[in-house]
Amino acid sequence: MVSRKKKKMKGKARKAAKVDAAGASSAPVARVVSSIPAYVSSLIPSLSCTHGWNHSEYAHEHDCHKFIEAALEGAKNSSQESLICRTIGNYPNVWNDSVSLDWIASAFTTIGTELVLQYATNDPYHYLCITKAISYSEYLTQHVATLNKSQPNIYFARIDDLIFADMRRIISYLKKRIPCSCLDAKYKEVKSLPKMGLCSTCKGKFELSSLMSCGSCRKKHYCSVACQAADWESHKGLCKIWKKWF
């Protein structure tokens with residue numbers, strides 16, 4: 001017969017096991033992302049290649065470094081939208097300085113590149129960290145373009161494409177944005193894979209050659225006429241803007 005004390009101890013053990021199991025699914029992504037701030041401040045300066053990012057351009061106490069750390073901290077649990085709002089609210093001067101934003105965008109490109117090189121890209125947690133880094137870099141780059149008046153607004157379809165991108169798209173995107181050859185070997189591994197694109201309405205992934213583009217602005221892609229029709233009410237305002245711009 002099992003004593004009451006032993007039953008109590010077994011019950012506590014079962015509860016602890018449940019807590020561990022519940023935390024296990026979120027722990028890897030938190031561990032990878034939370035390691036990046038220290039990684040940026042210590043590991044990147046010691047790398048033989050920083051993929052075009054000049055880490056020492058700003059002093060470590062500068063708001064640009066704080067901006068990156070705040071963004072990485074927010075990336076643990078925040079959506080892309082709340083992450084953007086958080087950094088806008090805390091660093092409004094940086095958000096209006098195209099030179100600073102170009103430097104920060106380059107930092108996130110470097111972070112994405114290093115994550116591709118150092119981690120298993122087929123791991124869903126590492127994949128999430130990579131897509132967060134490159135989609136945020138793209139958003140900052142486009143924001144600079146709006147500040148410089150070289151585009152009318154943010155092209156969100158491209159950002160969505162990066163959030164849901166496959167590894168061929170990710171590596172191709174990063175390879176075009178770094179001056180070094182560090183991703184050449186990785187690109188050779190994926191270049192034979194089909195080019196995939198994202199339907200702007202249903203968010204399904206399809207071969208790029210099978211997707212239709214908006215005939216007016218060419219900025220959105222659809223898998224079917226039905227998806228294009230469903231998106232028209234929300235898209236038509238921006239469609240007119242992009243059409244006039246070009």
# chains A, B, ... in the order shown; residues from 1 in each chain; ligands from 1
$ residues_around --residues "range 186-193 of chain A" --least-positions-apart "3" --cutoff "8 Å" --atoms "only C-alpha atoms" --output "PyMOL selection string"
chain A and resi 167-168+171-172+175+183
$ residues_around --residues "range 142-153 of chain A" --least-positions-apart "2" --cutoff "7 Å" --atoms "only C-alpha atoms" --output "list in words"
Ser98, Leu101, Glu138, Tyr139, Leu140, Tyr155 and Trp245 of chain A
$ residues_around --residues "range 209-219 of chain A" --least-positions-apart "6" --cutoff "6 Å" --atoms "only C-alpha atoms" --output "list in words"
Cys239, Trp242 and Lys243 of chain A
$ write_last_selection --atoms "C-alpha atoms" --output "JSON list (two decimals), in the first residue's frame"
[["chain", "number", "residue", "atom", "x", "y", "z"],
["A", 239, "CYS", "CA", -3.64, 50.02, -55.85],
["A", 242, "TRP", "CA", 0.96, 52.58, -56.55],
["A", 243, "LYS", "CA", -0.41, 52.91, -60.09]]
$ closest_residue --among "A:Ile241, A:Met196, A:Cys180, A:Cys129" --to "Gly52 in chain A" --atoms "only C-alpha atoms"
A:Cys180
$ select_by_dssp --residues "range 79-226 of chain A" --states "helix (DSSP H, G or I)" --output "ChimeraX atom specification"
/A:80-90,92-95,98-118,124-147,156-163,167-175,184-190,208-210,225-226
$ closest_residue --among "A:Tyr125, A:Phe156, A:Phe108, A:Tyr119" --to "Leu174 in chain A" --atoms "only C-alpha atoms"
A:Phe108
$ select_by_dssp --residues "range 65-227 of chain A" --states "strand (DSSP E)" --output "PyMOL selection string"
chain A and resi 196-198+205-207+212-213+221-222
$ closest_residue --among "A:Arg86, A:Ser181, A:Ala75, A:Thr110" --to "Asn54 in chain A" --atoms "only C-alpha atoms"
A:Thr110
$ atom_distance --atom1 "CA of Ala71 in chain A" --atom2 "CA of Ser234 in chain A"
28.9 Å
$ atom_distance --atom1 "CA of Cys64 in chain A" --atom2 "CA of Ser100 in chain A"
6.6 Å
$ residues_around --residues "range 104-107 of chain A" --least-positions-apart "3" --cutoff "12 Å" --atoms "only C-alpha atoms" --output "ChimeraX atom specification"
/A:36-37,39-41,44-45,50-58,62-72,87,94-95,97-101,110-114,133-144,174,177-179
$ atom_distance --atom1 "CA of Val116 in chain A" --atom2 "CA of Ile130 in chain A"
7.1 Å
